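> Let me give you the structure first, and then I'll get to my questions.
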Amino acid sequence: GTAMVQVAAVSGAHTVAGVRRPELHHRVRALAPDGRVDVVTPGQEAAHAPYDVIVELVGGEDCLQRVALLRSRGKIVIVGVQAGATAPLRMFDLMLARAQLIGTTIRGRSHAEKALLAATVRTSVVPLLAQGRLRVPVDTAFPLDRFADAYARLAGPGKFGKVILLP
């Protein structure tokens with residue numbers, strides 16, 4: 001999510017991020033240059049609609065209700081399903097919007113597709129990191145011998161950024 005917000009904002013997109021925890025809103029807003037991201041609590045996204053692209057990071061039973069928030073020919077891209085892997089869809093709403101529903105994961109890709117993706121990240125994203133236009137927020141760092149604590153933090157709620165192990 002933090003990478004998605006930054007890449008969208010750096011690309012010049014009007015970016016809206018749905019963030020469940022209000023105490024994290026200022027941190028998400030700070031990810032974008034010049035604060036070019038609107039941060040809302042889920043359920044408030046309609047105030048900024050219609051959208052060209054909605055990226056669904058957590059899934060869940062109601063995630064496909066956001067089809068109603070799409071601009072004509074918009075897209076919903078499903079990249080995560082931690083809140084649930086099934087959701088009802090009013091297909092006629094999708095058809096009326098002439099919208100696309102796209103599911104993607106790295107896991108199911110061939111080695112060649114993964115190599116192509118890595119090359120794209122290397123040429124498109126890594127330079128933005130080197131220029132300081134993107135950053136990788138770190139939630140918590142643990143010494144290597146505390147790997148169990150790091151895993152517990154990774155599996156638990158309330159993270160903002162990466163959980164890393166240090167030698």
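Ligands are numbered from 1 in the order shown, residues from 1 within each chain, and chains are lettered A, B, ... in the order they appear in the structure tokens.
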Quick one: residues within 12 Å of Ala8 of chain A, only C-alpha atoms, excluding same-chain residues fewer than 5 positions away - as a VMD selection string?
chain A and resid 1 to 3 13 to 17 31 to 33 36 to 38 53 to 55 125 133 to 134
> Could you save those same residues with N, CA and C atoms as an mmCIF file, in the first residue's frame?

data_model
loop_
_atom_site.group_PDB
_atom_site.id
_atom_site.type_symbol
_atom_site.label_atom_id
_atom_site.label_comp_id
_atom_site.auth_asym_id
_atom_site.auth_seq_id
_atom_site.Cartn_x
_atom_site.Cartn_y
_atom_site.Cartn_z
ATOM 1 N N GLY A 1 0.797 -1.196 0.000
ATOM 2 C CA GLY A 1 0.000 0.000 0.000
ATOM 3 C C GLY A 1 0.838 1.257 0.000
ATOM 4 N N THR A 2 1.891 1.292 0.816
ATOM 5 C CA THR A 2 2.720 2.500 0.869
ATOM 6 C C THR A 2 3.415 2.726 -0.466
ATOM 7 N N ALA A 3 3.856 1.649 -1.107
ATOM 8 C CA ALA A 3 4.490 1.783 -2.424
ATOM 9 C C ALA A 3 3.469 2.243 -3.462
ATOM 10 N N ALA A 13 -0.872 11.008 -10.632
ATOM 11 C CA ALA A 13 -2.273 10.636 -10.451
ATOM 12 C C ALA A 13 -2.864 11.337 -9.238
ATOM 13 N N HIS A 14 -4.130 11.709 -9.338
ATOM 14 C CA HIS A 14 -4.851 12.152 -8.142
ATOM 15 C C HIS A 14 -5.097 10.892 -7.334
ATOM 16 N N THR A 15 -4.513 10.806 -6.172
ATOM 17 C CA THR A 15 -4.492 9.573 -5.399
ATOM 18 C C THR A 15 -5.352 9.712 -4.153
ATOM 19 N N VAL A 16 -6.198 8.726 -3.933
ATOM 20 C CA VAL A 16 -7.020 8.648 -2.732
ATOM 21 C C VAL A 16 -6.696 7.323 -2.060
ATOM 22 N N ALA A 17 -6.341 7.371 -0.794
ATOM 23 C CA ALA A 17 -6.000 6.155 -0.056
ATOM 24 C C ALA A 17 -7.014 5.937 1.049
ATOM 25 N N LEU A 31 3.646 10.351 2.651
ATOM 26 C CA LEU A 31 4.343 9.539 1.662
ATOM 27 C C LEU A 31 4.410 10.222 0.299
ATOM 28 N N ALA A 32 3.422 11.040 0.002
ATOM 29 C CA ALA A 32 3.318 11.639 -1.327
ATOM 30 C C ALA A 32 4.006 13.000 -1.356
ATOM 31 N N PRO A 33 4.683 13.295 -2.464
ATOM 32 C CA PRO A 33 5.311 14.605 -2.570
ATOM 33 C C PRO A 33 4.237 15.691 -2.557
ATOM 34 N N ARG A 36 0.222 15.185 -2.169
ATOM 35 C CA ARG A 36 -0.710 14.915 -3.268
ATOM 36 C C ARG A 36 -1.447 13.594 -3.097
ATOM 37 N N VAL A 37 -2.009 13.389 -1.931
ATOM 38 C CA VAL A 37 -2.834 12.205 -1.698
ATOM 39 C C VAL A 37 -3.933 12.592 -0.712
ATOM 40 N N ASP A 38 -5.143 12.223 -1.034
ATOM 41 C CA ASP A 38 -6.252 12.397 -0.107
ATOM 42 C C ASP A 38 -6.393 11.097 0.659
ATOM 43 N N VAL A 53 -9.065 3.976 -11.541
ATOM 44 C CA VAL A 53 -8.503 2.710 -11.065
ATOM 45 C C VAL A 53 -8.702 2.629 -9.558
ATOM 46 N N ILE A 54 -9.154 1.473 -9.099
ATOM 47 C CA ILE A 54 -9.227 1.177 -7.675
ATOM 48 C C ILE A 54 -8.349 -0.047 -7.450
ATOM 49 N N VAL A 55 -7.389 0.067 -6.547
ATOM 50 C CA VAL A 55 -6.520 -1.065 -6.220
ATOM 51 C C VAL A 55 -6.984 -1.603 -4.880
ATOM 52 N N VAL A 125 11.187 1.807 -10.967
ATOM 53 C CA VAL A 125 10.982 2.134 -9.558
ATOM 54 C C VAL A 125 12.301 2.406 -8.833
ATOM 55 N N ARG A 133 12.657 10.042 -4.407
ATOM 56 C CA ARG A 133 11.259 10.360 -4.708
ATOM 57 C C ARG A 133 10.314 9.306 -4.153
ATOM 58 N N LEU A 134 10.831 8.131 -3.865
ATOM 59 C CA LEU A 134 10.098 7.062 -3.181
ATOM 60 C C LEU A 134 10.923 6.659 -1.977
#
> Report as a PyMOL selection string: the residues of chain A with a DSSP assignment of alpha helix (DSSP H), based on the backbone of this structure.
chain A and resi 2-10+25-29+91-96+111-124+126-130+147-155
> Any idea what's packed within 7 Å of Leu144 of chain A, counting only C-alpha atoms, ignoring anything in its chain fewer than 6 positions away? Could you give it as a compact mmCIF listing (two decimals) with all heavy atoms, in the first residue's frame?

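The new file around13.txt reads:
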# COMPACT_ATOMS: atom_id res chain seq x y z
N LEU A 165 14.74 -7.65 9.59
CA LEU A 165 15.69 -8.33 10.47
C LEU A 165 17.09 -7.77 10.18
O LEU A 165 17.47 -7.59 9.03
CB LEU A 165 15.68 -9.84 10.19
CG LEU A 165 14.43 -10.59 10.61
CD1 LEU A 165 14.46 -12.02 10.09
CD2 LEU A 165 14.30 -10.58 12.13
N LEU A 166 17.84 -7.52 11.25
CA LEU A 166 19.19 -7.00 11.14
C LEU A 166 20.20 -8.03 11.65
O LEU A 166 19.91 -8.76 12.59
CB LEU A 166 19.34 -5.71 11.96
CG LEU A 166 18.39 -4.57 11.58
CD1 LEU A 166 18.49 -3.46 12.60
CD2 LEU A 166 18.72 -4.07 10.20
N PRO A 167 21.37 -8.07 11.03
CA PRO A 167 22.38 -9.03 11.50
C PRO A 167 22.88 -8.70 12.89
O PRO A 167 22.79 -7.64 13.38
CB PRO A 167 23.52 -8.90 10.48
CG PRO A 167 23.26 -7.67 9.71
CD PRO A 167 21.83 -7.29 9.93
> Can you pull out every residue within 12 Å of segment 40-47 of chain A, counting only C-alpha atoms, but drop anything in the same chain fewer than 5 positions away, and send it as a PyMOL selection string?
chain A and resi 15-26+28-29+54+56+58+62-63+65-71
> Work out how far apart atom CA of Ala30 of chain A and atom CA of Val136 of chain A are and give it in Å to one decimal.
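So the answer is 12.3 Å.
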> Find the spatial neighbours of Leu64 of chain A, counting only C-alpha atoms, within a cut-off of 8 Å - ignore same-chain residues fewer than 3 positions away - and output them as a list in words.
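Here the qualifying residues turn out to be Glu61, Val67, Ala87, Pro88 and Leu89 of chain A.
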> For the structure I just gave you, how does DSSP split segment 7-146 of chain A - specifically, which residues are strand (DSSP E or B)? Reply as a PyMOL selection string.
chain A and resi 15-18+37-40+51-56+70-78+100-103+138-143
> Quick one: distance from atom CA of Met91 of chain A to atom CA of Ile106 of chain A in Å, one decimal?
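One can read the atom CA of Met91 of chain A to atom CA of Ile106 of chain A distance as 26.3 Å.
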